[in-house]
Each structure stands twice: as structure tokens, then as C-alpha cells.
Amino acid sequence: MAQLHSLAPMPSAMNISTTFFDGLSSSEGSNLYGLSLLAGLAGILATVYAFKSTDEDGVPYKAGIPFIGAWDFYSRRNSFIQEGIKKLGNVYSFRINRHKVWVVSGENARNRFFGSKNLHFSEGYVILNGDSPSLKDIKVNKNVEDGDMTSWFGKRLTACLRRDRMARNLTLMFQDLDQITERWAGNGQFDPFNDIYNAVFQLTIRAASCREIADDPAAVKRVMQLYWDMENGVSAASRLLGWFPSTVRKRKQQATADLYLLLKGAIDKRKEEGRREDDSVQVLLDEGDGVNDIIQFVMGALFAGIINTGIMSSWLLLFLAVNPEWKTKVLAELREFVSKYTDSTGSMSSQLAQLPPQVWEEEMAVIDLCLRETIRFVMSGSLLRRVLPAQDGEDMSFEGHKASPGTFLAYSVNSIHHDPEIYPDPLKWDPSRFERGEDKKAHWAFLGWGVGRHPCLGMRFAKLEVKVILAQFLMKYDYSAVDAAGKPVDILPEPDRDNLSRPRPVKPVYIKYQSIVA
């Protein structure tokens, strides 16, 4: 028999209505009085509904707004998930509209979540998140069917990220970074969650789209603007009140249409001119893929790559700034490889571009430790799956509760990455913990690059991006972390773990730099 559990405080009607109206246009909010009454009624119903302690499967239940669901899953997801685990245990449920969602944690749940073939990998993200742009949003058809899209996307991504192609791209990547750093001049100060993200945008567009855009700074800037319009087009209101038109949803649809036209124009012109380029779009054209499928691939690759790589690159630079012993080790490793593999002539960027691909991928052990620890420390998302009808009689049960087909599952990365039984002093940044084998204490104790049936297909390129940005910056600049007043920062504030796309420090931290090479 499931035990009764105390429930987290319900969001107030005032908080709900305030957040809701943030996503409405002035005309949509004109009937404020009527909508406020609805929000007030929802608050009353939510209070009554909070007395429900378990769902229909006997799983501890975290109540939301009746007929709408868990608002906090979108507005403060990490806190929502962690509060539920703390108060309700390793398995609890909530609702997103008509959809049932179970949060699962613990070793047995982790092994099943990442190891079972009876879980759908992408439906959770498509249906619950809905953040990646889709041509469906603008009523454009693809040739590849939705059921085949994951497999097709994986095959095309693998082809685009072959080692020989990445080796040819290295010189262009460092040229891109040179153009960015030239605008910084010899010294100054910047916000890594703006400027480093911009560098990640440039390199990802270089790798995942076409040269027509990657070589044009104005086009890159335009893609960045459209990207953030689409990324910011997901809110609690837009997901939970899908029947109600909102400005953020309209903005997302318009940005999707504009990006579609931008990419289609570049691809159509190339085809008309009979011109070939050495880029990912050409790979897909050579495979015989249609223009719309190519555009969907590019959109998906941008969304898959930019957020996490931007987070990792920005935080890694900050952690090295306040951990000089590790910064010294990383610099020594880079200088050793430059001395070993290059002729030590030309610019620093040209020297770094001469390093063989296997060095970037396999031999930078110190940087790999630092990157791994940065992922463990910062990444706070919840991974999603959907239960499929069992094909082999597998009982999809978690702590005695059987999840029926159609149920969504959420697994919190924090539940293992910040487990003090696995990682002592988990809120300390300490790359040497991986030298001590702390991640080997339990099965799949590090989730940073995917485990089990769904490893990260873009891992090699994501690592390369982070390392290229880190190498370029460390070899060209001396730098430190400072606060908004320009005073040195020795201990970094915690990440804002509820900001899924840009988990900045809860207090602003900047990078102050001084050029050390010409």
C-alpha cells in the first residue's frame, strides 16, 4: 500500500495568472477581468485537488492545476523535480494536460530507464517539451516520416561528423574564432553566456549547416536571433494552454518560417548554380535527401548542439579561472601538443589547427577530466522517455508500481550526479574525482554523454567544439573571473539550475582578459 505523503505548496492563482499574462499580447490580455476569474477558480480547484495523495496507479502524486497540470515543470523544472523526490520519494507522478508523467530515480530506475528497449527516446521531448522547431509548425511537409526521423537523423549526423570532415573543418573553425576574438581587441571583459555562446553558434552553424550562412556574419547573426526566438517560444503558458494563442508561440512560428526560408534560399541557389561545397548540406544533398528534410536536419542539429555546448564551454572557462592549478595543467597539456605536432610558426590559431584529429578526440586527458567534471557539476536537466507496449514481456515497474504504455518518464540527472554516496562533496568542482574512479561506484553513474541504448551521437563534435574554444582562449589570453563591479571572484556562485538554456551563475560573473600573443 502506498504511503501518504505531504505535498509541495501549490502555486498561487496570482503567480499563475502573472506568469500567464507575461506570454500574452496586449489584445489577448484585454479581457483581464474574466481571465483573472478563471485563474482564481483554478487556484481554488488546485487547493482542493492537492488533497489527492496518489494517482490511479497508487503512485505518490504531486498535484498541479486541474485540467492543466504541473505549471512548475516548465517555470522551475529542476526545483520542481528535486522537491518532489525529497518529499514523495523515488517514484512520483504529476500531470501535463492529459499526459501522465512519472519521475523515477535510484539505481534500479536508472538501469531500466537507460537500458530498456521498451521506452521511446524522442516522444517525451517532442510532446512534453516541444521546444525543437518542426516544419509541422509552419505546415511544411517532409519526405521522411516521423517514425523514421530519429534513425534517419542519427545516420545523417554520423555522416556529417566523420573524422575526415572534422579534420578539414578545423582550419575554418579556428578562422571563425579568430574573427570573433579580433572584435575583443587586446583586453576587456565579457559575459561568457553571451560571447562564448556566440562562438558556439558560429562553430555549430559551420558544422551543421552550409557555408553560404557560416561564411556570412550577417546571416549567422540572423540565425542566432531566430534561434533564440524559437528557444524562448516555450513557456508554461504556451505548453499547458496550447488552445490559447500567445505572442511567444506566434513568435516561435514566425522564427521557424523565417529560418526555413533562409535555409531554403541558400540550398535552392546552390542547386540552381550546380555548385558544390564541403559542408553538411552537401552531404545530405549527395544522399538524395529533399530540401525540406535537409532543413529539418539543420534545425534539429542546431537545437541539439548549441545549448549544451554553450553551457559546458562557458562554465569550463569560469571553473578554470577560479582553479588556477587546473588551468596550469590544461595549459601545459596544450603547449605540449603544440610543441609535439606543429612547426611552431604562424599564428597560434594556425598552430592549433595543425593538431591531428586524434589528439583532439583521444589524447587531451586533462581537458577531458575538467570537461567531465563541469558536466557533472552543472548539468541539471531531466531526461525524458515514454513507455511503449512491451515487446518481450518486460514488466516496466518502478518500486512496485507498473507504468502502463503511454506513461512518460522523467529521470533527474542531479539524482545521480549530486549523490554524495557516489560523488563525495558533490558541490565542489574537482576533476580528480574521475581519476579516483568515483564514477565507477555504481552502474551508469555519469550520464553526461548518454548511456545505455542512447549515447549522444554528437559527442565527438561537442567535445571538439569545447576544446577548440578553450584552446583558442587559453593560448591567446590570460584571464580571471570578476563580478559586476570588476572585483575578483574566487568562489563561483551556484548555477541557476532552473534556467535550462542558459544556467548562468545566480550572481553575475564575467571574464576579464588580457592578450598574451599577437
# chains A, B, ... in the order shown; residues from 1 in each chain; ligands from 1

$ select_by_dssp --residues "range 160-280 of chain A" --states "helix (DSSP H, G or I)" --output "VMD selection string"
chain A and resid 160 163 to 182 192 to 208 211 to 214 217 to 231 236 to 240 247 to 273 280

$ residues_around --residues "range 297-309 of chain A" --least-positions-apart "4" --cutoff "7 Å" --atoms "only C-alpha atoms" --output "list in words"
Ser132, Pro133, Phe153, Val200, Phe201, Thr204, Ala208, Ser209, Asp293, Ser313, Ala462, Val466 and Ser501 of chain A

$ residues_around --residues "Ala257 in chain A" --least-positions-apart "5" --cutoff "9 Å" --atoms "only C-alpha atoms" --output "PyMOL selection string"
chain A and resi 135+137-138+252+262

$ write_last_selection --atoms "all heavy atoms" --output "PDB file, in the first residue's frame"
ATOM      1  N   LEU A 135       8.962  21.538 -38.906  1.00  0.00           N
ATOM      2  CA  LEU A 135       8.301  22.076 -40.091  1.00  0.00           C
ATOM      3  C   LEU A 135       6.788  21.919 -40.008  1.00  0.00           C
ATOM      4  O   LEU A 135       6.052  22.618 -40.692  1.00  0.00           O
ATOM      5  CB  LEU A 135       8.848  21.386 -41.347  1.00  0.00           C
ATOM      6  CG  LEU A 135      10.343  21.615 -41.643  1.00  0.00           C
ATOM      7  CD1 LEU A 135      10.712  21.009 -42.990  1.00  0.00           C
ATOM      8  CD2 LEU A 135      10.687  23.103 -41.626  1.00  0.00           C
ATOM      9  N   ASP A 137       5.094  22.904 -37.619  1.00  0.00           N
ATOM     10  CA  ASP A 137       4.593  24.133 -37.015  1.00  0.00           C
ATOM     11  C   ASP A 137       4.211  25.168 -38.069  1.00  0.00           C
ATOM     12  O   ASP A 137       3.411  26.061 -37.803  1.00  0.00           O
ATOM     13  CB  ASP A 137       5.656  24.735 -36.080  1.00  0.00           C
ATOM     14  CG  ASP A 137       5.970  23.824 -34.898  1.00  0.00           C
ATOM     15  OD1 ASP A 137       5.122  22.974 -34.580  1.00  0.00           O
ATOM     16  OD2 ASP A 137       7.061  23.970 -34.311  1.00  0.00           O
ATOM     17  N   ILE A 138       4.843  25.062 -39.241  1.00  0.00           N
ATOM     18  CA  ILE A 138       4.554  26.034 -40.304  1.00  0.00           C
ATOM     19  C   ILE A 138       3.906  25.344 -41.507  1.00  0.00           C
ATOM     20  O   ILE A 138       3.930  25.858 -42.619  1.00  0.00           O
ATOM     21  CB  ILE A 138       5.824  26.794 -40.725  1.00  0.00           C
ATOM     22  CG1 ILE A 138       6.938  25.827 -41.150  1.00  0.00           C
ATOM     23  CG2 ILE A 138       6.305  27.687 -39.584  1.00  0.00           C
ATOM     24  CD1 ILE A 138       8.161  26.525 -41.721  1.00  0.00           C
ATOM     25  N   LYS A 252       7.586  32.120 -32.136  1.00  0.00           N
ATOM     26  CA  LYS A 252       8.302  30.887 -32.472  1.00  0.00           C
ATOM     27  C   LYS A 252       7.935  30.414 -33.872  1.00  0.00           C
ATOM     28  O   LYS A 252       8.807  30.018 -34.656  1.00  0.00           O
ATOM     29  CB  LYS A 252       7.996  29.805 -31.440  1.00  0.00           C
ATOM     30  CG  LYS A 252       8.690  28.475 -31.740  1.00  0.00           C
ATOM     31  CD  LYS A 252       8.316  27.401 -30.746  1.00  0.00           C
ATOM     32  CE  LYS A 252       8.980  26.083 -31.113  1.00  0.00           C
ATOM     33  NZ  LYS A 252       8.612  24.980 -30.196  1.00  0.00           N
ATOM     34  N   LEU A 262      15.258  31.133 -45.053  1.00  0.00           N
ATOM     35  CA  LEU A 262      16.681  31.464 -45.165  1.00  0.00           C
ATOM     36  C   LEU A 262      17.475  30.258 -45.653  1.00  0.00           C
ATOM     37  O   LEU A 262      18.300  30.362 -46.582  1.00  0.00           O
ATOM     38  CB  LEU A 262      17.205  31.940 -43.806  1.00  0.00           C
ATOM     39  CG  LEU A 262      18.694  32.303 -43.725  1.00  0.00           C
ATOM     40  CD1 LEU A 262      19.003  33.500 -44.617  1.00  0.00           C
ATOM     41  CD2 LEU A 262      19.081  32.615 -42.280  1.00  0.00           C
TER      42      LEU A 262
END

$ select_by_dssp --residues "range 85-125 of chain A" --states "strand (DSSP E or B)" --output "PyMOL selection string"
chain A and resi 91-96+99-104+119-120

$ write_last_selection --atoms "N, CA, C and O atoms" --output "PDB file, in the first residue's frame"
ATOM      1  N   VAL A  91       9.766   7.530  -6.695  1.00  0.00           N
ATOM      2  CA  VAL A  91       8.770   7.437  -7.776  1.00  0.00           C
ATOM      3  C   VAL A  91       7.570   8.294  -7.385  1.00  0.00           C
ATOM      4  O   VAL A  91       6.984   8.093  -6.319  1.00  0.00           O
ATOM      5  N   TYR A  92       7.236   9.253  -8.217  1.00  0.00           N
ATOM      6  CA  TYR A  92       6.013  10.018  -8.005  1.00  0.00           C
ATOM      7  C   TYR A  92       5.503  10.500  -9.354  1.00  0.00           C
ATOM      8  O   TYR A  92       6.208  10.427 -10.361  1.00  0.00           O
ATOM      9  N   SER A  93       4.278  10.964  -9.379  1.00  0.00           N
ATOM     10  CA  SER A  93       3.651  11.310 -10.653  1.00  0.00           C
ATOM     11  C   SER A  93       3.084  12.721 -10.614  1.00  0.00           C
ATOM     12  O   SER A  93       2.856  13.296  -9.548  1.00  0.00           O
ATOM     13  N   PHE A  94       2.867  13.255 -11.803  1.00  0.00           N
ATOM     14  CA  PHE A  94       2.153  14.516 -11.980  1.00  0.00           C
ATOM     15  C   PHE A  94       1.536  14.509 -13.370  1.00  0.00           C
ATOM     16  O   PHE A  94       1.731  13.544 -14.137  1.00  0.00           O
ATOM     17  N   ARG A  95       0.804  15.548 -13.694  1.00  0.00           N
ATOM     18  CA  ARG A  95       0.105  15.609 -14.977  1.00  0.00           C
ATOM     19  C   ARG A  95       0.574  16.801 -15.790  1.00  0.00           C
ATOM     20  O   ARG A  95       0.841  17.876 -15.256  1.00  0.00           O
ATOM     21  N   ILE A  96       0.670  16.596 -17.088  1.00  0.00           N
ATOM     22  CA  ILE A  96       0.835  17.673 -18.063  1.00  0.00           C
ATOM     23  C   ILE A  96      -0.345  17.551 -19.019  1.00  0.00           C
ATOM     24  O   ILE A  96      -0.383  16.651 -19.861  1.00  0.00           O
ATOM     25  N   HIS A  99      -1.588  14.126 -20.080  1.00  0.00           N
ATOM     26  CA  HIS A  99      -0.491  13.168 -20.044  1.00  0.00           C
ATOM     27  C   HIS A  99      -0.049  12.878 -18.616  1.00  0.00           C
ATOM     28  O   HIS A  99       0.103  13.787 -17.799  1.00  0.00           O
ATOM     29  N   LYS A 100       0.194  11.611 -18.346  1.00  0.00           N
ATOM     30  CA  LYS A 100       0.687  11.171 -17.046  1.00  0.00           C
ATOM     31  C   LYS A 100       2.211  11.087 -17.094  1.00  0.00           C
ATOM     32  O   LYS A 100       2.776  10.472 -18.006  1.00  0.00           O
ATOM     33  N   VAL A 101       2.877  11.680 -16.119  1.00  0.00           N
ATOM     34  CA  VAL A 101       4.338  11.692 -16.065  1.00  0.00           C
ATOM     35  C   VAL A 101       4.781  11.126 -14.722  1.00  0.00           C
ATOM     36  O   VAL A 101       4.283  11.538 -13.672  1.00  0.00           O
ATOM     37  N   TRP A 102       5.718  10.191 -14.762  1.00  0.00           N
ATOM     38  CA  TRP A 102       6.323   9.670 -13.547  1.00  0.00           C
ATOM     39  C   TRP A 102       7.763  10.163 -13.459  1.00  0.00           C
ATOM     40  O   TRP A 102       8.514  10.069 -14.448  1.00  0.00           O
ATOM     41  N   VAL A 103       8.138  10.679 -12.314  1.00  0.00           N
ATOM     42  CA  VAL A 103       9.545  10.946 -12.017  1.00  0.00           C
ATOM     43  C   VAL A 103      10.108   9.709 -11.339  1.00  0.00           C
ATOM     44  O   VAL A 103       9.517   9.197 -10.377  1.00  0.00           O
ATOM     45  N   VAL A 104      11.219   9.194 -11.861  1.00  0.00           N
ATOM     46  CA  VAL A 104      11.833   7.994 -11.284  1.00  0.00           C
ATOM     47  C   VAL A 104      13.295   8.292 -10.971  1.00  0.00           C
ATOM     48  O   VAL A 104      13.962   9.033 -11.688  1.00  0.00           O
ATOM     49  N   LEU A 119      11.148   1.699 -24.183  1.00  0.00           N
ATOM     50  CA  LEU A 119      10.952   3.125 -23.926  1.00  0.00           C
ATOM     51  C   LEU A 119      11.264   3.906 -25.190  1.00  0.00           C
ATOM     52  O   LEU A 119      12.295   3.666 -25.831  1.00  0.00           O
ATOM     53  N   HIS A 120      10.385   4.824 -25.554  1.00  0.00           N
ATOM     54  CA  HIS A 120      10.595   5.653 -26.741  1.00  0.00           C
ATOM     55  C   HIS A 120      11.497   6.828 -26.368  1.00  0.00           C
ATOM     56  O   HIS A 120      11.238   7.536 -25.396  1.00  0.00           O
TER      57      HIS A 120
END

$ atom_distance --atom1 "CA of Lys512 in chain A" --atom2 "CA of Pro324 in chain A"
14.8 Å

$ closest_residue --among "A:Met312, A:Gly124, A:Phe377, A:Glu287" --to "Lys463 in chain A" --atoms "only C-alpha atoms"
A:Met312

$ closest_residue --among "A:Ala410, A:Leu492, A:Leu88, A:Cys370" --to "Arg386 in chain A" --atoms "only C-alpha atoms"
A:Ala410

$ residues_around --residues "Val468 in chain A" --least-positions-apart "3" --cutoff "12 Å" --atoms "only C-alpha atoms" --output "JSON, numbers by chain"
{"A": [166, 169, 170, 171, 172, 173, 174, 175, 176, 177, 178, 196, 199, 200, 203, 309, 313, 334, 348, 349, 350, 351, 352, 353, 354, 355, 357, 359, 360, 361, 364, 367, 461, 462, 463, 464, 465, 471, 472, 473, 474, 475]}

$ residues_around --residues "Ala236 in chain A" --least-positions-apart "3" --cutoff "9 Å" --atoms "only C-alpha atoms" --output "PyMOL selection string"
chain A and resi 19-20+70-75+239-241
